[in-house]
$ cat start-v4.txt   # compact mmCIF, C-alpha atoms
# COMPACT_ATOMS: atom_id res chain seq x y z
CA ILE A 30 -10.07 -16.57 -11.25
CA THR A 31 -7.86 -15.24 -14.05
CA LEU A 32 -4.75 -15.97 -12.01
CA ILE A 33 -5.75 -19.53 -11.12
CA ALA A 34 -7.28 -20.49 -14.46
CA GLY A 35 -4.94 -18.72 -16.82
CA LEU A 36 -1.47 -18.44 -15.33
CA ASP A 37 -0.18 -21.67 -16.84
CA ALA A 38 -2.45 -21.81 -19.92
CA THR A 39 0.42 -21.17 -22.35
CA ALA A 40 -0.81 -23.41 -25.20
CA ASN A 41 -2.80 -20.59 -26.82
CA VAL A 42 -0.39 -17.66 -27.26
CA ALA A 43 -3.09 -15.00 -27.79
CA ALA A 44 -5.12 -16.15 -24.78
CA CYS A 45 -1.94 -16.26 -22.70
CA ALA A 46 -1.11 -12.67 -23.67
CA ILE A 47 -4.62 -11.56 -22.73
CA VAL A 48 -4.32 -13.29 -19.34
CA ALA A 49 -0.96 -11.58 -18.71
CA PHE A 50 -2.45 -8.23 -19.79
CA VAL A 51 -5.44 -8.62 -17.44
CA LEU A 52 -3.22 -9.72 -14.54
CA HIS A 53 -0.89 -6.77 -15.14
CA TYR A 54 -3.83 -4.36 -15.10
CA PHE A 55 -5.45 -5.72 -11.94
CA PHE A 56 -2.19 -5.97 -10.01
CA MET A 57 -1.43 -2.36 -10.95
CA ALA A 58 -4.95 -1.34 -9.86
CA SER A 59 -4.48 -3.05 -6.50
CA PHE A 60 -1.19 -1.22 -5.96
CA CYS A 61 -2.86 2.08 -6.86
CA TRP A 62 -5.61 1.40 -4.32
CA MET A 63 -2.97 0.64 -1.68
CA GLY A 64 -1.27 3.94 -2.46
CA LEU A 65 -4.57 5.80 -2.26
CA GLU A 66 -5.34 4.15 1.07
CA ALA A 67 -2.01 5.39 2.42
CA ALA A 68 -2.73 8.86 1.04
CA ASN A 69 -6.16 8.81 2.72
CA ILE A 70 -4.64 7.83 6.05
CA GLY A 71 -2.10 10.64 5.78
CA HIS A 72 -4.82 13.08 4.75
CA PHE A 73 -7.04 12.13 7.68
CA LEU A 74 -4.18 12.70 10.11
CA ILE A 75 -3.91 16.27 8.84
CA MET A 76 -7.61 17.00 8.22
CA LYS A 77 -9.34 15.01 10.94
CA ASN A 78 -12.90 16.07 10.01
CA ASP A 79 -12.62 15.67 6.24
CA THR A 80 -14.73 13.10 4.45
CA ILE A 81 -13.56 10.69 1.77
CA LEU A 82 -16.80 11.09 -0.19
CA THR A 83 -15.65 14.38 -1.69
CA ARG A 84 -12.67 12.68 -3.34
CA ILE A 85 -13.96 9.18 -4.12
CA ARG A 86 -14.76 9.86 -7.78
CA TYR A 87 -11.25 11.16 -8.44
CA GLN A 88 -9.76 8.23 -6.60
CA HIS A 89 -11.66 5.76 -8.78
CA VAL A 90 -10.44 7.52 -11.91
CA LEU A 91 -6.87 7.46 -10.64
CA ALA A 92 -6.96 3.89 -9.29
CA TYR A 93 -8.36 2.43 -12.50
CA GLY A 94 -7.16 4.97 -15.07
CA LEU A 95 -3.46 5.10 -14.19
CA PRO A 96 -3.01 1.31 -14.37
CA GLY A 97 -4.89 1.29 -17.68
CA PHE A 98 -2.57 3.97 -19.02
CA ILE A 99 0.56 2.11 -17.86
CA VAL A 100 -0.62 -1.23 -19.27
CA ILE A 101 -1.66 0.27 -22.63
CA VAL A 102 1.60 2.21 -22.99
CA THR A 103 3.54 -0.97 -22.18
CA LEU A 104 1.50 -2.99 -24.66
CA ILE A 105 1.99 -0.43 -27.43
CA SER A 106 5.69 0.16 -26.76
CA THR A 107 6.51 -3.55 -26.75
CA GLY A 108 4.10 -4.55 -29.51
CA GLY A 109 2.63 -7.13 -27.16
CA VAL A 110 5.93 -8.99 -26.88
CA GLY A 111 6.55 -9.86 -23.26
CA TYR A 112 2.96 -10.50 -22.28
CA GLY A 113 3.17 -14.23 -21.69
CA THR A 114 6.19 -16.54 -21.62
CA GLN A 115 6.73 -20.17 -22.54
CA GLN A 116 6.20 -21.23 -18.92
CA TYR A 117 3.56 -18.82 -17.60
CA CYS A 118 1.04 -16.26 -18.76
CA TRP A 119 2.81 -13.45 -16.99
CA LEU A 120 5.12 -10.53 -17.73
CA SER A 121 8.45 -11.42 -19.27
CA THR A 122 11.66 -10.75 -17.39
CA GLU A 123 13.76 -11.29 -20.52
CA ASN A 124 12.79 -8.09 -22.33
CA GLY A 125 12.04 -6.01 -19.24
CA VAL A 126 8.24 -5.89 -19.43
CA ILE A 127 8.13 -6.91 -15.78
CA TRP A 128 9.47 -3.44 -14.92
CA ALA A 129 6.16 -1.96 -16.08
CA LEU A 130 4.78 -3.53 -12.91
CA VAL A 131 7.79 -3.52 -10.60
CA ALA A 132 8.79 0.14 -11.04
CA PRO A 133 5.38 1.71 -10.28
CA ALA A 134 4.68 -0.83 -7.55
CA SER A 135 8.05 -0.08 -5.94
CA LEU A 136 7.27 3.63 -5.92
CA ILE A 137 3.89 2.99 -4.33
CA LEU A 138 5.38 0.64 -1.72
CA THR A 139 8.04 3.22 -0.87
CA PHE A 140 5.33 5.86 -0.47
CA ASN A 141 3.36 3.47 1.75
CA MET A 142 6.36 2.77 3.99
CA ILE A 143 6.95 6.52 4.36
CA ILE A 144 3.30 6.98 5.40
CA ILE A 145 3.56 4.12 7.93
CA VAL A 146 6.66 5.63 9.54
CA TRP A 147 4.97 9.03 9.55
CA VAL A 148 1.83 7.61 11.21
CA LEU A 149 3.96 5.88 13.85
CA ARG A 150 5.79 9.15 14.58
CA ILE A 151 2.51 11.04 14.91
CA ILE A 152 1.02 8.44 17.27
CA THR A 153 4.18 8.46 19.38
CA ALA A 154 4.41 12.26 19.39
CA GLU A 155 0.77 12.60 20.46
CA ALA A 156 1.30 10.17 23.33
CA VAL A 157 4.42 12.02 24.48
CA GLN A 158 2.65 15.37 24.12
CA ARG A 159 -0.29 14.14 26.24
CA GLU A 160 2.14 12.89 28.86
CA THR A 161 4.00 16.20 28.87
CA GLN A 162 0.76 18.17 29.24
CA THR A 163 -0.52 15.87 31.98
CA HIS A 164 2.60 15.72 34.13
CA GLY A 165 4.62 18.66 32.87
CA VAL A 166 7.66 16.42 32.46
CA ARG A 167 8.77 14.46 29.46
CA HIS A 168 9.22 10.78 30.35
CA ASN A 169 10.88 8.05 28.39
CA VAL A 170 8.75 5.32 26.82
CA THR A 171 8.82 2.95 29.80
CA LYS A 172 7.77 5.68 32.22
CA LEU A 173 5.12 6.82 29.74
CA ARG A 174 3.60 3.33 29.74
CA VAL A 175 3.39 3.34 33.53
CA CYS A 176 1.81 6.81 33.65
CA LEU A 177 -0.97 6.13 31.15
CA THR A 178 -4.46 5.66 32.45
CA GLU A 179 -6.27 2.42 31.70
CA GLU A 180 -8.32 4.13 28.96
CA GLU A 181 -5.19 5.59 27.35
CA ARG A 182 -3.52 2.18 27.45
CA LYS A 183 -6.51 0.59 25.70
CA ASN A 184 -6.48 3.34 23.07
CA ALA A 185 -2.74 2.95 22.52
CA LYS A 186 -3.07 -0.83 22.13
CA ARG A 187 -5.98 -0.38 19.70
CA ASN A 188 -3.98 2.14 17.67
CA MET A 189 -0.96 -0.15 17.57
CA ARG A 190 -3.14 -3.07 16.37
CA ARG A 191 -4.55 -0.82 13.66
CA LEU A 192 -1.05 0.21 12.70
CA LEU A 193 0.01 -3.42 12.48
CA MET A 194 -2.96 -4.23 10.22
CA LEU A 195 -2.14 -1.13 8.19
CA THR A 196 1.45 -2.26 7.82
CA VAL A 197 0.38 -5.64 6.46
CA LEU A 198 -2.22 -4.00 4.20
CA LEU A 199 0.12 -1.43 2.72
CA GLY A 200 2.67 -3.75 1.29
CA PRO A 201 5.63 -5.21 3.14
CA THR A 202 4.47 -8.62 1.97
CA TRP A 203 4.67 -7.40 -1.63
CA LEU A 204 8.07 -5.91 -0.93
CA LEU A 205 9.36 -9.24 0.34
CA GLY A 206 7.87 -10.94 -2.73
CA PHE A 207 9.75 -8.57 -5.03
CA LEU A 208 12.98 -9.05 -3.17
CA SER A 209 12.69 -12.84 -3.22
CA SER A 210 12.00 -12.90 -6.96
CA PHE A 211 15.02 -10.75 -7.75
CA LEU A 212 17.42 -12.29 -5.24
CA GLY A 213 16.92 -15.88 -6.21
$ encode --input "start-v4.txt" --output "structure tokens"
Amino acid sequence: ITLIAGLDATANVAACAIVAFVLHYFFMASFCWMGLEAANIGHFLIMKNDTILTRIRYQHVLAYGLPGFIVIVTLISTGGVGYGTQQYCWLSTENGVIWALVAPASLILTFNMIIIVWVLRIITAEAVQRETQTHGVRHNVTKLRVCLTEEERKNAKRNMRRLLMLTVLLGPTWLLGFLSSFLG
């Protein structure tokens, strides 16, 4: 609602700065949650029986506290200049305030991409390991596909669909958005 209603409400400078501040905070919080989701996926691959409930309170503090800290530090260090422009109620690119969003988000997106590649390697390694244990011979990917049982094929397809959803969830769309805004 803030994005739709307030992004181009530049007539009132104070209200525009508040809208930019709120947008900055919530975008940072969403990036933190994406990073925590990637961390949870990585954690569950290592500790398969662990439960998220033991860490949920700390994750809430991190996901909402870290963005608050970044936004407040940015607001104090710039004196509020850069929250809102003449065209939009958003972070200014002229004085570098936009980097208070882009830099942490880029780190989180990089972390997410590393986790995605890691998950893909683990899934692939487990499939190859199962094949090696079953037949005693390591096959290439095409032979592996032929040798899988129907149940294993269904599981592999389900895991690949989950990985695809995970990939979209964890940020390549944001990465493309960043690149398009900086490249033209």
$ closest_residue --input "start-v4.txt" --among "A:Ala58, A:Val42, A:Ala49, A:Ile101" --to "Cys118 in chain A" --atoms "all atoms listed in the file"
A:Ala49
$ atom_distance --input "start-v4.txt" --atom1 "CA of Ala134 in chain A" --atom2 "CA of Ile151 in chain A"
25.5 Å
$ residues_around --input "start-v4.txt" --residues "Ile99 in chain A" --least-positions-apart "5" --cutoff "12 Å" --atoms "only C-alpha atoms" --output "list in words"
Phe50, His53, Tyr54, Phe55, Phe56, Met57, Ala58, Cys61, Leu91, Ala92, Tyr93, Gly94, Leu104, Ile105, Ser106, Val126, Ile127, Trp128, Ala129, Leu130, Val131, Ala132, Pro133 and Ala134 of chain A
$ write_last_selection --input "start-v4.txt" --atoms "C-alpha atoms" --output "compact mmCIF listing (two decimals), in the frame of the given file"
# COMPACT_ATOMS: atom_id res chain seq x y z
CA PHE A 50 -2.45 -8.23 -19.79
CA HIS A 53 -0.89 -6.77 -15.14
CA TYR A 54 -3.83 -4.36 -15.10
CA PHE A 55 -5.45 -5.72 -11.94
CA PHE A 56 -2.19 -5.97 -10.01
CA MET A 57 -1.43 -2.36 -10.95
CA ALA A 58 -4.95 -1.34 -9.86
CA CYS A 61 -2.86 2.08 -6.86
CA LEU A 91 -6.87 7.46 -10.64
CA ALA A 92 -6.96 3.89 -9.29
CA TYR A 93 -8.36 2.43 -12.50
CA GLY A 94 -7.16 4.97 -15.07
CA LEU A 104 1.50 -2.99 -24.66
CA ILE A 105 1.99 -0.43 -27.43
CA SER A 106 5.69 0.16 -26.76
CA VAL A 126 8.24 -5.89 -19.43
CA ILE A 127 8.13 -6.91 -15.78
CA TRP A 128 9.47 -3.44 -14.92
CA ALA A 129 6.16 -1.96 -16.08
CA LEU A 130 4.78 -3.53 -12.91
CA VAL A 131 7.79 -3.52 -10.60
CA ALA A 132 8.79 0.14 -11.04
CA PRO A 133 5.38 1.71 -10.28
CA ALA A 134 4.68 -0.83 -7.55
$ atom_distance --input "start-v4.txt" --atom1 "CA of Ala43 in chain A" --atom2 "CA of Gly113 in chain A"
8.8 Å
$ atom_distance --input "start-v4.txt" --atom1 "CA of Gly111 in chain A" --atom2 "CA of Val48 in chain A"
12.1 Å
$ closest_residue --input "start-v4.txt" --among "A:Gly108, A:Ala67, A:Pro96, A:Gln116" --to "Ala40 in chain A" --atoms "only C-alpha atoms"
A:Gln116
$ closest_residue --input "start-v4.txt" --among "A:Glu66, A:Val110, A:Gly71, A:Ala44" --to "Leu149 in chain A" --atoms "all atoms listed in the file"
A:Gly71
$ axis_aligned_box --input "start-v4.txt" --around "range 132-138 of chain A" --padding-each-side "8 Å" --output "JSON"
{"center_x": 6.3, "center_y": 1.4, "center_z": -6.4, "size_x": 20.9, "size_y": 20.5, "size_z": 25.3}
